[in-house]
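S.K.: Below are the structure tokens for one structure; questions will follow.
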Amino acid sequence: MTTTPVQGTRRGSTAGVMLALATIGFAVNFWAWALLSPLATTFTTTLHLSSFQQSLLVAVPVVVGSLGRIPIGALTDRFGGRVMFPLVSLSTIIPVLYLGLLGHDSLAAILVGGFFLGIGGTAFAVGVPFVNAWFPPARRGLAVGVFGMGMGGTAISALTTVKLVNAHSMQTPFLITAAVLAVYAVVAWLVLRDAPDRVVPSTPLTARLAVTLKLRITWQAAALYAVAFGGYVAFSVYLPTYLKNAYALTQADAANRMAGFVLLAVLMRPIGGWLSDRFAPTRVLAATLGVVVVGALVQAFTPGLAPLGTIAFLGMAAALGTGSGATFALVAQRAPANQVGSVTGVVGAAGGLGGFVPPLVMGSIYGSYNSYAVGLVLLAVVALAALALSVFSVGGREPAAA
């Protein structure tokens, strides 16, 4: 079937609107997902938490949101983003209200709320297959990269949560976020539409997941995303604590610097997709992972923040954002059309889990040695291993250019 220029223009316009709404939904849900991280030092002081308990507090939403992407991605393949975006957003409101109104007076209560707050982190697995279906293969890297900018929702949380608590009350940021989630859920239900040619799988969810786990691209992309996006998540949740301990910054100053790290990574994500549309995604990944290796080794010596420490962190932020965009350009190129959601779920879970482990490791290392050097050296080693994977395993199977 041929497509007339008018039809193509109309679809392109609609695709742009769908991309914008999906990106907003991703940002709003990630804003909710990251509400606990800026308050970690506050809870540590008021509840007398250890370094490990503080790390656990910010890591629980990450691991739940990561593992939850596996079933959510598969469900999105079946039911589409028009159903799943409002469903995830409405479900996230419950833990947000619980944490703001009731569940912030003990570590156990916060962990319970944080567990269910992880639902917000699954929005990523809804958006990738939704956006992917609206765009042709040659534009999917950039489109998915633009959608990935929604991870900047964590920056909204970093910039506003502490300020709202200090200016008003502990309940304020949670109530505002819940209201925004409710508004988005209504708008998404009324406006979002799935792509008319979306491939809907007919096999059961468990069977599709079994097939997904047998795909080579699933595990290759999962390993790469665990480093690229996992590194971003780890820094976005732990950087305020790191800066406070390593450089004696105030909570507000540390949160603002973390927001700068996040914003740069967010801006670089579509660039990673755009570069991958023009070059092999694995080449982009190799370059960005090399930057992470160097940045982590430099920061292991805890240089002064001005300028060397700032350059190291901003370099890693740019590299991790670019690498995250390149990874999903790789998924868009190689995953079967009717399994993009399932593959996204597994890969997204790996990325989130990649962000779950480092804060726990860094907290334990700092508690034992009063230094983060060993943890940063470990980051460099892991990034180097991922670089080798992208060059010698994934890159060796790069499809020929059309």
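A note on labels: chains of the structure tokens are A, B, ... as shown, every chain counts residues from 1, and ligands are counted from 1 in their shown order.
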Taking only C-alpha atoms into account, produce a table as JSON lines in which each residue of region 341-398 of chain A with an atom at most 9 Å from an atom of region 276-292 of chain A appears once, together with its shortest atom pair and the distance in Å to one decimal, ordered by chain and rising number.
M.R.:
{"residue": "A:Leu379", "atom": "CA", "partner": "A:Val292", "partner_atom": "CA", "distance": 8.2}
{"residue": "A:Ala380", "atom": "CA", "partner": "A:Val292", "partner_atom": "CA", "distance": 6.8}
{"residue": "A:Ala383", "atom": "CA", "partner": "A:Leu289", "partner_atom": "CA", "distance": 5.7}
{"residue": "A:Leu384", "atom": "CA", "partner": "A:Leu289", "partner_atom": "CA", "distance": 6.9}
{"residue": "A:Ala386", "atom": "CA", "partner": "A:Leu289", "partner_atom": "CA", "distance": 7.3}
{"residue": "A:Leu387", "atom": "CA", "partner": "A:Ala286", "partner_atom": "CA", "distance": 5.1}
{"residue": "A:Ala388", "atom": "CA", "partner": "A:Ala286", "partner_atom": "CA", "distance": 7.8}
{"residue": "A:Leu389", "atom": "CA", "partner": "A:Ala286", "partner_atom": "CA", "distance": 8.8}
{"residue": "A:Ser390", "atom": "CA", "partner": "A:Thr282", "partner_atom": "CA", "distance": 5.4}
{"residue": "A:Val391", "atom": "CA", "partner": "A:Ala286", "partner_atom": "CA", "distance": 6.6}
{"residue": "A:Val394", "atom": "CA", "partner": "A:Thr282", "partner_atom": "CA", "distance": 6.9}
{"residue": "A:Gly395", "atom": "CA", "partner": "A:Thr282", "partner_atom": "CA", "distance": 5.5}
{"residue": "A:Glu398", "atom": "CA", "partner": "A:Ala280", "partner_atom": "CA", "distance": 7.3}
S.K.: Would you pick out the contacts of region 171-177 of chain A at 7 Å or less, using only C-alpha atoms, so that residues sharing its chain but fewer than 2 positions from it are not included, and give the list as a list in words?
M.R.: Ala32, Val96, Leu97, Gly100, Leu101, Thr161, Leu164, Val165, His168, Ser169, Ala179, Val180 and Leu181 of chain A
S.K.: The selected residues should be written to file as a JSON list (two decimals), in the first residue's frame (atoms: N, CA and C atoms).
M.R.:
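Result file selection-v3.json:
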[["chain", "number", "residue", "atom", "x", "y", "z"],
["A", 32, "ALA", "N", 7.97, 11.55, 39.93],
["A", 32, "ALA", "CA", 7.45, 10.85, 41.10],
["A", 32, "ALA", "C", 8.42, 9.78, 41.57],
["A", 96, "VAL", "N", 2.66, 7.83, 46.09],
["A", 96, "VAL", "CA", 3.07, 9.24, 46.28],
["A", 96, "VAL", "C", 2.28, 9.87, 47.42],
["A", 97, "LEU", "N", 0.97, 9.66, 47.43],
["A", 97, "LEU", "CA", 0.15, 10.22, 48.52],
["A", 97, "LEU", "C", 0.47, 9.55, 49.85],
["A", 100, "GLY", "N", 3.71, 11.05, 51.18],
["A", 100, "GLY", "CA", 3.57, 12.44, 51.58],
["A", 100, "GLY", "C", 2.73, 12.64, 52.82],
["A", 101, "LEU", "N", 1.70, 11.82, 52.99],
["A", 101, "LEU", "CA", 0.76, 12.03, 54.09],
["A", 101, "LEU", "C", 1.00, 11.13, 55.29],
["A", 161, "THR", "N", 12.06, 19.42, 45.18],
["A", 161, "THR", "CA", 11.58, 18.70, 46.37],
["A", 161, "THR", "C", 12.04, 19.33, 47.67],
["A", 164, "LEU", "N", 10.59, 22.86, 48.25],
["A", 164, "LEU", "CA", 9.18, 22.84, 48.64],
["A", 164, "LEU", "C", 9.00, 22.39, 50.09],
["A", 165, "VAL", "N", 9.80, 21.42, 50.51],
["A", 165, "VAL", "CA", 9.73, 20.96, 51.90],
["A", 165, "VAL", "C", 10.17, 22.08, 52.84],
["A", 168, "HIS", "N", 7.47, 24.95, 52.68],
["A", 168, "HIS", "CA", 6.11, 24.64, 53.10],
["A", 168, "HIS", "C", 6.08, 23.47, 54.09],
["A", 169, "SER", "N", 6.03, 22.25, 53.59],
["A", 169, "SER", "CA", 5.97, 21.10, 54.49],
["A", 169, "SER", "C", 6.42, 19.85, 53.74],
["A", 179, "ALA", "N", -1.02, 15.48, 41.99],
["A", 179, "ALA", "CA", -1.96, 16.24, 41.17],
["A", 179, "ALA", "C", -1.54, 16.25, 39.70],
["A", 180, "VAL", "N", -0.24, 16.42, 39.46],
["A", 180, "VAL", "CA", 0.26, 16.43, 38.07],
["A", 180, "VAL", "C", 0.06, 15.06, 37.42],
["A", 181, "LEU", "N", 0.31, 13.99, 38.17],
["A", 181, "LEU", "CA", 0.08, 12.64, 37.65],
["A", 181, "LEU", "C", -1.38, 12.44, 37.26]]
S.K.: Which residue gives the smallest distance to Leu376 (chain A) among A:Met316, A:Leu215, A:Val62, A:Val346, with only C-alpha atoms counted?
M.R.: A:Met316
S.K.: Which residue out of A:Val17, A:Val340, A:Ala265, A:Val361 has the minimum interatomic distance to Leu314 (chain A) when only C-alpha atoms are used?
M.R.: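 Using only C-alpha atoms, the shortest distance to Leu314 (chain A) belongs to A:Ala265.
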S.K.: As a list in words, please: the residues near Phe130 (chain A) (cut-off 9 Å, only C-alpha atoms, same-chain neighbours under 3 positions excluded).
M.R.: Met18, Leu19, Ala22, Thr76, Asp77, Gly80, Gly81, Arg82, Ala125, Val126, Gly127, Ala133, Trp134, Asp194, Ala195, Arg198 and Gly341 of chain A
S.K.: Report as a VMD selection string: the residues of region 105-351 of chain A with a DSSP assignment of alpha helix (DSSP H), based on the backbone of this structure.
M.R.: chain A and resid 107 to 117 123 to 134 140 to 148 153 to 167 171 to 191 205 to 212 216 to 247 251 to 278 281 to 299 310 to 334 340 to 351
S.K.: When you draw a straight line from CA of Gly114 (chain A) to CA of Asn256 (chain A), how long is it in Å?
M.R.: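 Going from CA of Gly114 (chain A) over to CA of Asn256 (chain A) covers 22.6 Å.
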S.K.: Counting only C-alpha atoms, which residue out of A:Thr322, A:Ser371, A:Thr250, A:Ser37 sits closest to Thr160 (chain A)?
M.R.: A:Ser37
S.K.: Go ahead and compute the interatomic distance for CA of Leu320 (chain A) and CA of Ser50 (chain A), in Å to one decimal.
M.R.: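 Going from CA of Leu320 (chain A) over to CA of Ser50 (chain A), I get 29.0 Å.
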S.K.: Just checking: using only C-alpha atoms, which residue out of A:Ile24, A:Leu267, A:Val237, A:Val63 ends up closest to Ala350 (chain A)?
M.R.: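 When distances to Ala350 (chain A) are compared using only C-alpha atoms, the smallest one comes from A:Val63.
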S.K.: So how many Å separate CA of Tyr232 (chain A) and CA of Pro336 (chain A), to one decimal?
M.R.: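 Answer for the CA of Tyr232 (chain A) to CA of Pro336 (chain A) separation: 27.0 Å.
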S.K.: Residues near Lys244 (chain A), anyone? I mean within 12 Å using only C-alpha atoms, not counting same-chain ones fewer than 4 positions away, as a short mmCIF file (atom, residue, chain, number, x, y, z; two decimals) with N, CA, C and O atoms, in the first residue's frame.
M.R.:
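Result file result15.cif:
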data_model
loop_
_atom_site.label_atom_id
_atom_site.label_comp_id
_atom_site.auth_asym_id
_atom_site.auth_seq_id
_atom_site.Cartn_x
_atom_site.Cartn_y
_atom_site.Cartn_z
N PRO A 38 16.20 13.24 46.77
CA PRO A 38 16.64 14.52 47.32
C PRO A 38 16.44 14.63 48.83
O PRO A 38 17.07 15.46 49.49
N ALA A 40 16.96 12.13 50.97
CA ALA A 40 17.68 11.06 51.65
C ALA A 40 18.49 11.57 52.84
O ALA A 40 18.49 10.97 53.92
N THR A 41 19.17 12.70 52.65
CA THR A 41 19.98 13.21 53.76
C THR A 41 19.09 13.72 54.89
O THR A 41 19.45 13.62 56.07
N TYR A 238 22.45 9.03 43.92
CA TYR A 238 23.47 9.02 44.97
C TYR A 238 24.38 10.23 44.95
O TYR A 238 25.08 10.49 45.93
N LEU A 239 24.37 10.99 43.85
CA LEU A 239 25.30 12.11 43.75
C LEU A 239 25.15 13.14 44.87
O LEU A 239 26.17 13.65 45.37
N PRO A 240 23.92 13.49 45.32
CA PRO A 240 23.84 14.43 46.44
C PRO A 240 24.56 13.93 47.69
O PRO A 240 25.27 14.69 48.36
N ALA A 248 31.79 18.05 51.30
CA ALA A 248 31.16 18.82 52.38
C ALA A 248 30.23 19.91 51.85
O ALA A 248 30.14 21.01 52.43
N LEU A 249 29.53 19.64 50.75
CA LEU A 249 28.57 20.61 50.22
C LEU A 249 27.27 20.57 51.03
O LEU A 249 26.95 19.56 51.67
N THR A 250 26.53 21.64 51.01
CA THR A 250 25.22 21.65 51.66
C THR A 250 24.25 20.77 50.85
O THR A 250 24.49 20.48 49.67
N GLN A 251 23.16 20.39 51.47
CA GLN A 251 22.18 19.55 50.79
C GLN A 251 21.63 20.25 49.55
O GLN A 251 21.49 19.64 48.48
N ALA A 252 21.32 21.54 49.68
CA ALA A 252 20.76 22.28 48.55
C ALA A 252 21.77 22.40 47.41
O ALA A 252 21.42 22.22 46.23
N ASP A 253 23.04 22.69 47.73
CA ASP A 253 24.07 22.83 46.71
C ASP A 253 24.30 21.49 46.01
O ASP A 253 24.42 21.42 44.77
N ALA A 254 24.34 20.42 46.78
CA ALA A 254 24.55 19.08 46.20
C ALA A 254 23.39 18.71 45.27
O ALA A 254 23.59 18.15 44.19
N ALA A 255 22.16 19.04 45.70
CA ALA A 255 20.99 18.73 44.87
C ALA A 255 21.02 19.52 43.56
O ALA A 255 20.68 19.00 42.50
N ASN A 256 21.43 20.78 43.62
CA ASN A 256 21.51 21.61 42.41
C ASN A 256 22.56 21.07 41.44
O ASN A 256 22.35 21.06 40.22
N ARG A 257 23.69 20.62 41.98
CA ARG A 257 24.73 20.07 41.11
C ARG A 257 24.28 18.75 40.50
O ARG A 257 24.59 18.44 39.34
N MET A 258 23.57 17.96 41.27
CA MET A 258 23.02 16.71 40.73
C MET A 258 22.04 17.01 39.60
O MET A 258 22.02 16.33 38.57
#
S.K.: Return the single residue from A:Ser157, A:Asn338, A:Ser89, A:Thr310 that is closest to Gly25 (chain A), with distances computed using only C-alpha atoms.
M.R.: A:Ser89
S.K.: Pick the closest to Pro204 (chain A) from A:Gly148, A:Gly260, A:Gly103, A:Pro71: which is it, counting only C-alpha atoms?
M.R.: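 Distance minimum relative to Pro204 (chain A) lands on A:Pro71.
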S.K.: At a cut-off of 8 Å, using only C-alpha atoms, what residues contact Val60 (chain A)? Leave out same-chain residues fewer than 4 positions from it and give the result as a PyMOL selection string.
M.R.: chain A and resi 56+64+111+114-115+118+356
S.K.: Output all heavy atoms for every residue in that selection, as a PDB file, in the first residue's frame.
M.R.:
ATOM      1  N   LEU A  56      19.884   2.201  50.785  1.00  0.00           N
ATOM      2  CA  LEU A  56      18.749   1.308  50.565  1.00  0.00           C
ATOM      3  C   LEU A  56      17.473   2.101  50.330  1.00  0.00           C
ATOM      4  O   LEU A  56      16.643   1.751  49.475  1.00  0.00           O
ATOM      5  CB  LEU A  56      18.581   0.386  51.782  1.00  0.00           C
ATOM      6  CG  LEU A  56      17.514  -0.710  51.677  1.00  0.00           C
ATOM      7  CD1 LEU A  56      17.871  -1.690  50.575  1.00  0.00           C
ATOM      8  CD2 LEU A  56      17.366  -1.428  53.014  1.00  0.00           C
ATOM      9  N   VAL A  64      12.534  -1.835  42.070  1.00  0.00           N
ATOM     10  CA  VAL A  64      11.150  -2.212  41.762  1.00  0.00           C
ATOM     11  C   VAL A  64      10.732  -1.659  40.406  1.00  0.00           C
ATOM     12  O   VAL A  64      10.126  -2.360  39.578  1.00  0.00           O
ATOM     13  CB  VAL A  64      10.193  -1.718  42.869  1.00  0.00           C
ATOM     14  CG1 VAL A  64       8.745  -2.006  42.490  1.00  0.00           C
ATOM     15  CG2 VAL A  64      10.529  -2.391  44.187  1.00  0.00           C
ATOM     16  N   LEU A 111      10.314   2.538  53.166  1.00  0.00           N
ATOM     17  CA  LEU A 111      10.656   1.442  52.265  1.00  0.00           C
ATOM     18  C   LEU A 111       9.411   0.833  51.633  1.00  0.00           C
ATOM     19  O   LEU A 111       9.420   0.463  50.455  1.00  0.00           O
ATOM     20  CB  LEU A 111      11.453   0.367  53.011  1.00  0.00           C
ATOM     21  CG  LEU A 111      12.873   0.766  53.445  1.00  0.00           C
ATOM     22  CD1 LEU A 111      13.535  -0.381  54.200  1.00  0.00           C
ATOM     23  CD2 LEU A 111      13.715   1.170  52.245  1.00  0.00           C
ATOM     24  N   GLY A 114       8.357   3.366  49.125  1.00  0.00           N
ATOM     25  CA  GLY A 114       9.330   3.364  48.039  1.00  0.00           C
ATOM     26  C   GLY A 114       9.180   2.168  47.120  1.00  0.00           C
ATOM     27  O   GLY A 114       9.401   2.263  45.909  1.00  0.00           O
ATOM     28  N   PHE A 115       8.795   1.029  47.706  1.00  0.00           N
ATOM     29  CA  PHE A 115       8.570  -0.176  46.912  1.00  0.00           C
ATOM     30  C   PHE A 115       7.506   0.080  45.841  1.00  0.00           C
ATOM     31  O   PHE A 115       7.702  -0.194  44.655  1.00  0.00           O
ATOM     32  CB  PHE A 115       8.155  -1.324  47.829  1.00  0.00           C
ATOM     33  CG  PHE A 115       7.911  -2.631  47.122  1.00  0.00           C
ATOM     34  CD1 PHE A 115       8.939  -3.542  46.969  1.00  0.00           C
ATOM     35  CD2 PHE A 115       6.667  -2.942  46.615  1.00  0.00           C
ATOM     36  CE1 PHE A 115       8.732  -4.744  46.305  1.00  0.00           C
ATOM     37  CE2 PHE A 115       6.440  -4.139  45.955  1.00  0.00           C
ATOM     38  CZ  PHE A 115       7.475  -5.044  45.802  1.00  0.00           C
ATOM     39  N   GLY A 118       8.095   2.565  42.959  1.00  0.00           N
ATOM     40  CA  GLY A 118       8.797   2.019  41.803  1.00  0.00           C
ATOM     41  C   GLY A 118       7.926   1.874  40.573  1.00  0.00           C
ATOM     42  O   GLY A 118       8.442   1.798  39.448  1.00  0.00           O
ATOM     43  N   PHE A 356      20.692   0.310  40.654  1.00  0.00           N
ATOM     44  CA  PHE A 356      20.370  -0.120  42.021  1.00  0.00           C
ATOM     45  C   PHE A 356      21.618  -0.522  42.792  1.00  0.00           C
ATOM     46  O   PHE A 356      21.791  -0.185  43.963  1.00  0.00           O
ATOM     47  CB  PHE A 356      19.395  -1.291  41.962  1.00  0.00           C
ATOM     48  CG  PHE A 356      19.159  -1.990  43.275  1.00  0.00           C
ATOM     49  CD1 PHE A 356      18.356  -1.412  44.239  1.00  0.00           C
ATOM     50  CD2 PHE A 356      19.734  -3.225  43.532  1.00  0.00           C
ATOM     51  CE1 PHE A 356      18.128  -2.053  45.452  1.00  0.00           C
ATOM     52  CE2 PHE A 356      19.513  -3.868  44.737  1.00  0.00           C
ATOM     53  CZ  PHE A 356      18.713  -3.284  45.693  1.00  0.00           C
TER      54      PHE A 356
END
S.K.: Could you name the residues that touch region 272-275 of chain A at 8 Å or less, counting only C-alpha atoms, but leaving out those on the same chain fewer than 5 positions away, as a ChimeraX atom specification?
M.R.: /A:140-145,281,284,321-326,328-329
S.K.: Skipping near chain neighbours, those fewer than 6 positions away, what residues fall within 9 Å of Trp189 (chain A) using only C-alpha atoms, listed as a CSV table (one decimal) with N, CA and C atoms, in the first residue's frame?
M.R.:
chain,number,residue,atom,x,y,z
A,82,ARG,N,-1.7,3.8,24.9
A,82,ARG,CA,-2.9,4.5,25.2
A,82,ARG,C,-3.6,4.0,26.4
A,83,VAL,N,-3.5,2.7,26.7
A,83,VAL,CA,-4.0,2.2,27.9
A,83,VAL,C,-3.0,2.2,29.1
A,85,PHE,N,-0.1,4.0,29.6
A,85,PHE,CA,0.4,5.3,30.2
A,85,PHE,C,-0.6,5.8,31.3
A,86,PRO,N,-1.9,5.9,31.0
A,86,PRO,CA,-2.8,6.4,32.1
A,86,PRO,C,-2.8,5.4,33.3
